[in-house]
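J.: Here's a structure for you.
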Amino acid sequence: MRLEEQAQGGRFLIQGYGDGGFRIAGKRFQGPILVLPGGILPWTAASVSDITYESFRPAIDAAGDIDVLLLGSGTRISPVDRALIQRMRDEHGIAIDVMDTGAACRTFNVLLTDGRHVAAGLIPVE
């Protein structure tokens, strides 16, 4: 899926997703990624079952710049450990919102354009 190409405050919107990866700032990122205020990193969570507290370590390190982390769980919404979501909110002030990856990409772009402090953990779709 191709999304609009724009930049917001030095951060780039997600331009597209599919075929197992993402396109951001004209670059292709294959596999799961974390989109953080400081950059885009490969992510260790290839599926929702791989998500742990430690897999969020880069987001935790950037917690002062993140209010919400959108979690794109693949082609459909998958349940994420409620205790993990609560821990991220209580200990680091990061609210996690789980949705399918397409919705997470679109929502990320809207929130970023609105000036929100947003990050994303994205599991790719084919």
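Going through the structure tokens in order, the chains are called A, B, and so on, while each chain numbers its residues from 1 and the ligands are numbered from 1 in the order shown.
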Write down as an NGL selection string the residues belonging to range 1-99 of chain A that are assigned alpha helix (DSSP H) by DSSP computed on the backbone.

T.: :A and (57-61 or 82-92)

J.: Any chance you could list, as a list in words, the residues in range 64-102 of chain A that come up strand (DSSP E) when DSSP is run on the backbone?

T.: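 These are the residues in question: Val68, Leu69, Leu70, Leu71, Gly72, Ala95, Ile96, Asp97, Val98 and Met99 of chain A.
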
J.: Can you list, as a VMD selection string, every protein, DNA or RNA residue that comes within 7 Å of range 109-118 of chain A when you count only C-alpha atoms, leaving out same-chain residues fewer than 3 positions away?

T.: chain A and resid 8 13 to 14 65 to 69 105 to 106

J.: Mind giving me the straight-line distance from CA of Gly20 in chain A to CA of Gln86 in chain A in Å, one decimal?

T.: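 Separation between CA of Gly20 in chain A and CA of Gln86 in chain A: 29.1 Å.
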
J.: Quick one: residues within 12 Å of Arg82 in chain A, only C-alpha atoms counted, chain neighbours fewer than 3 positions away excluded, as an MDAnalysis selection string?

T.: chainID A and resid 51:53 78:79 85:89 95:98

J.: What does the structure give for the distance between CA of His92 in chain A and CA of Ile77 in chain A, in Å to one decimal?

T.: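 Here the two named atoms are 23.7 Å from each other.
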
J.: In Å, with one decimal, what is the gap from CA of Arg23 in chain A to CA of Met99 in chain A?

T.: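 These two atoms are separated by 19.0 Å.
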